[in-house]
Amino acid sequence: MAARLRPADPLAVADATGRVSAGTAERADLKLLVKHYLALLEDKAPGASVEVRVPPYAAVQVVPGVRHTRGTPPAVVETDAETWIALATGSMAWVDALTDAKVIASGERTDLSPYLPLG
């Protein structure tokens with residue numbers, strides 16, 4: 001079983017967020033923020049019925065319901081790092097990300113809007 005993600009140091013999050021906002025973020029900043037916000041999502045929506053993927057950085061299983069254990073999950077949300085960070089911080093709304101095809105969501109329970117933003 002993969003190790004559970006952990007929230008990052010608040011100062012590191014603030015620094016990385018500042019660089020993202022300024023448009024000077026590097027790959028390490030995106031990786032830190034993606035994993036940080038996925039860890040917060042795991043805490044806010046514990047479960048294993050939806051797999052949230054932000055390639056190439058990380059994926060987590062969240063949301064209460066039927067547990068998925070093998071093969072392709074029945075419910076998947078996938079997006080890029082910038083979109084995930086925008087959703088997690090509240091600078092982009094879930095419905096807008098779906099409408100603009102910045103998020104691919106298939107299966108039951110893939111509406112993450114009750115859990116966003118994450119903080």
# chains A, B, ... in the order shown; residues from 1 in each chain; ligands from 1
$ residues_around --residues "Val52 in chain A" --least-positions-apart "3" --cutoff "9 Å" --atoms "only C-alpha atoms" --output "MDAnalysis selection string"
chainID A and resid 38 58:62 75:79 110
$ residues_around --residues "Pro46 in chain A" --least-positions-apart "2" --cutoff "9 Å" --atoms "only C-alpha atoms" --output "PyMOL selection string"
chain A and resi 41-44+48+61-64
$ select_by_dssp --residues "chain A" --states "alpha helix (DSSP H)" --output "PyMOL selection string"
chain A and resi 10-22+27-44+81-89+94-99
$ write_last_selection --atoms "N, CA and C atoms" --output "short mmCIF file (atom, residue, chain, number, x, y, z; two decimals), in the first residue's frame"
data_model
loop_
_atom_site.label_atom_id
_atom_site.label_comp_id
_atom_site.auth_asym_id
_atom_site.auth_seq_id
_atom_site.Cartn_x
_atom_site.Cartn_y
_atom_site.Cartn_z
N PRO A 10 3.74 24.89 6.41
CA PRO A 10 3.01 26.09 5.99
C PRO A 10 3.87 27.16 5.33
N LEU A 11 5.11 27.33 5.80
CA LEU A 11 5.99 28.33 5.17
C LEU A 11 6.38 27.91 3.76
N ALA A 12 6.64 26.63 3.56
CA ALA A 12 6.96 26.14 2.22
C ALA A 12 5.76 26.29 1.29
N VAL A 13 4.56 26.04 1.82
CA VAL A 13 3.34 26.20 1.02
C VAL A 13 3.17 27.67 0.62
N ALA A 14 3.35 28.57 1.57
CA ALA A 14 3.21 30.00 1.28
C ALA A 14 4.22 30.45 0.24
N ASP A 15 5.47 30.02 0.37
CA ASP A 15 6.49 30.40 -0.61
C ASP A 15 6.16 29.86 -2.00
N ALA A 16 5.78 28.59 -2.08
CA ALA A 16 5.45 27.98 -3.37
C ALA A 16 4.22 28.64 -3.97
N THR A 17 3.22 28.95 -3.14
CA THR A 17 2.00 29.61 -3.63
C THR A 17 2.33 30.98 -4.19
N GLY A 18 3.22 31.68 -3.53
CA GLY A 18 3.65 32.99 -4.02
C GLY A 18 4.31 32.90 -5.38
N ARG A 19 5.14 31.88 -5.57
CA ARG A 19 5.79 31.71 -6.88
C ARG A 19 4.79 31.30 -7.95
N VAL A 20 3.80 30.48 -7.59
CA VAL A 20 2.75 30.12 -8.55
C VAL A 20 1.99 31.38 -8.97
N SER A 21 1.62 32.20 -7.99
CA SER A 21 0.87 33.43 -8.28
C SER A 21 1.67 34.39 -9.16
N ALA A 22 2.98 34.43 -8.93
CA ALA A 22 3.85 35.32 -9.70
C ALA A 22 4.21 34.77 -11.07
N ARG A 27 8.99 23.19 -11.10
CA ARG A 27 8.40 21.85 -10.94
C ARG A 27 8.30 21.45 -9.46
N ALA A 28 9.32 21.78 -8.68
CA ALA A 28 9.32 21.43 -7.25
C ALA A 28 8.18 22.13 -6.51
N ASP A 29 7.87 23.37 -6.90
CA ASP A 29 6.76 24.09 -6.28
C ASP A 29 5.44 23.41 -6.59
N LEU A 30 5.25 23.04 -7.85
CA LEU A 30 4.02 22.36 -8.25
C LEU A 30 3.88 21.04 -7.52
N LYS A 31 4.95 20.28 -7.44
CA LYS A 31 4.92 18.98 -6.76
C LYS A 31 4.55 19.16 -5.29
N LEU A 32 5.17 20.11 -4.62
CA LEU A 32 4.88 20.35 -3.21
C LEU A 32 3.41 20.71 -3.02
N LEU A 33 2.89 21.63 -3.82
CA LEU A 33 1.52 22.08 -3.66
C LEU A 33 0.51 21.00 -4.03
N VAL A 34 0.77 20.26 -5.09
CA VAL A 34 -0.15 19.17 -5.48
C VAL A 34 -0.25 18.16 -4.35
N LYS A 35 0.88 17.71 -3.85
CA LYS A 35 0.85 16.71 -2.78
C LYS A 35 0.24 17.27 -1.50
N HIS A 36 0.53 18.52 -1.20
CA HIS A 36 -0.05 19.16 -0.01
C HIS A 36 -1.57 19.18 -0.10
N TYR A 37 -2.10 19.66 -1.23
CA TYR A 37 -3.55 19.77 -1.36
C TYR A 37 -4.24 18.42 -1.50
N LEU A 38 -3.57 17.45 -2.09
CA LEU A 38 -4.15 16.10 -2.12
C LEU A 38 -4.20 15.52 -0.70
N ALA A 39 -3.19 15.81 0.11
CA ALA A 39 -3.19 15.35 1.51
C ALA A 39 -4.36 15.99 2.27
N LEU A 40 -4.59 17.28 2.03
CA LEU A 40 -5.73 17.94 2.69
C LEU A 40 -7.05 17.34 2.23
N LEU A 41 -7.13 16.99 0.94
CA LEU A 41 -8.35 16.35 0.43
C LEU A 41 -8.57 15.00 1.09
N GLU A 42 -7.49 14.23 1.27
CA GLU A 42 -7.61 12.93 1.95
C GLU A 42 -8.19 13.12 3.36
N ASP A 43 -7.76 14.16 4.05
CA ASP A 43 -8.27 14.42 5.40
C ASP A 43 -9.72 14.87 5.38
N LYS A 44 -10.08 15.69 4.38
CA LYS A 44 -11.42 16.27 4.32
C LYS A 44 -12.45 15.30 3.76
N ALA A 81 -1.53 19.98 -12.74
CA ALA A 81 -1.12 20.58 -11.47
C ALA A 81 -1.68 21.99 -11.27
N GLU A 82 -1.59 22.82 -12.28
CA GLU A 82 -2.04 24.21 -12.14
C GLU A 82 -3.53 24.27 -11.84
N THR A 83 -4.32 23.45 -12.52
CA THR A 83 -5.76 23.44 -12.29
C THR A 83 -6.06 22.92 -10.89
N TRP A 84 -5.38 21.86 -10.46
CA TRP A 84 -5.61 21.31 -9.13
C TRP A 84 -5.32 22.36 -8.05
N ILE A 85 -4.22 23.08 -8.21
CA ILE A 85 -3.85 24.12 -7.24
C ILE A 85 -4.91 25.22 -7.23
N ALA A 86 -5.37 25.61 -8.40
CA ALA A 86 -6.41 26.65 -8.49
C ALA A 86 -7.71 26.18 -7.83
N LEU A 87 -8.09 24.94 -8.05
CA LEU A 87 -9.29 24.41 -7.40
C LEU A 87 -9.12 24.35 -5.88
N ALA A 88 -7.97 23.87 -5.45
CA ALA A 88 -7.73 23.70 -4.02
C ALA A 88 -7.68 25.03 -3.28
N THR A 89 -7.20 26.07 -3.94
CA THR A 89 -7.08 27.37 -3.28
C THR A 89 -8.32 28.23 -3.47
N TRP A 94 -15.11 24.57 -9.30
CA TRP A 94 -15.24 23.22 -9.85
C TRP A 94 -16.03 23.23 -11.15
N VAL A 95 -17.16 23.91 -11.16
CA VAL A 95 -18.02 23.93 -12.35
C VAL A 95 -17.29 24.57 -13.53
N ASP A 96 -16.49 25.59 -13.27
CA ASP A 96 -15.74 26.22 -14.35
C ASP A 96 -14.66 25.29 -14.90
N ALA A 97 -14.01 24.56 -14.02
CA ALA A 97 -12.99 23.60 -14.47
C ALA A 97 -13.60 22.51 -15.35
N LEU A 98 -14.79 22.04 -14.97
CA LEU A 98 -15.49 21.05 -15.79
C LEU A 98 -15.92 21.64 -17.13
N THR A 99 -16.52 22.83 -17.08
CA THR A 99 -17.01 23.48 -18.30
C THR A 99 -15.87 23.75 -19.27
#
$ atom_distance --atom1 "CA of Val103 in chain A" --atom2 "CA of Val54 in chain A"
10.0 Å
$ atom_distance --atom1 "CA of Glu108 in chain A" --atom2 "CA of Val66 in chain A"
10.2 Å
$ select_by_dssp --residues "chain A" --states "strand (DSSP E or B)" --output "PyMOL selection string"
chain A and resi 50-54+58-62+76-79+103-106
$ atom_distance --atom1 "CA of Pro114 in chain A" --atom2 "CA of Ala45 in chain A"
9.3 Å
$ closest_residue --among "A:Leu5, A:Val50, A:Ala25, A:Ala101" --to "Asp80 in chain A" --atoms "only C-alpha atoms"
A:Ala101
$ closest_residue --among "A:Arg4, A:Glu26, A:Ser113, A:Tyr57" --to "Met92 in chain A" --atoms "only C-alpha atoms"
A:Ser113
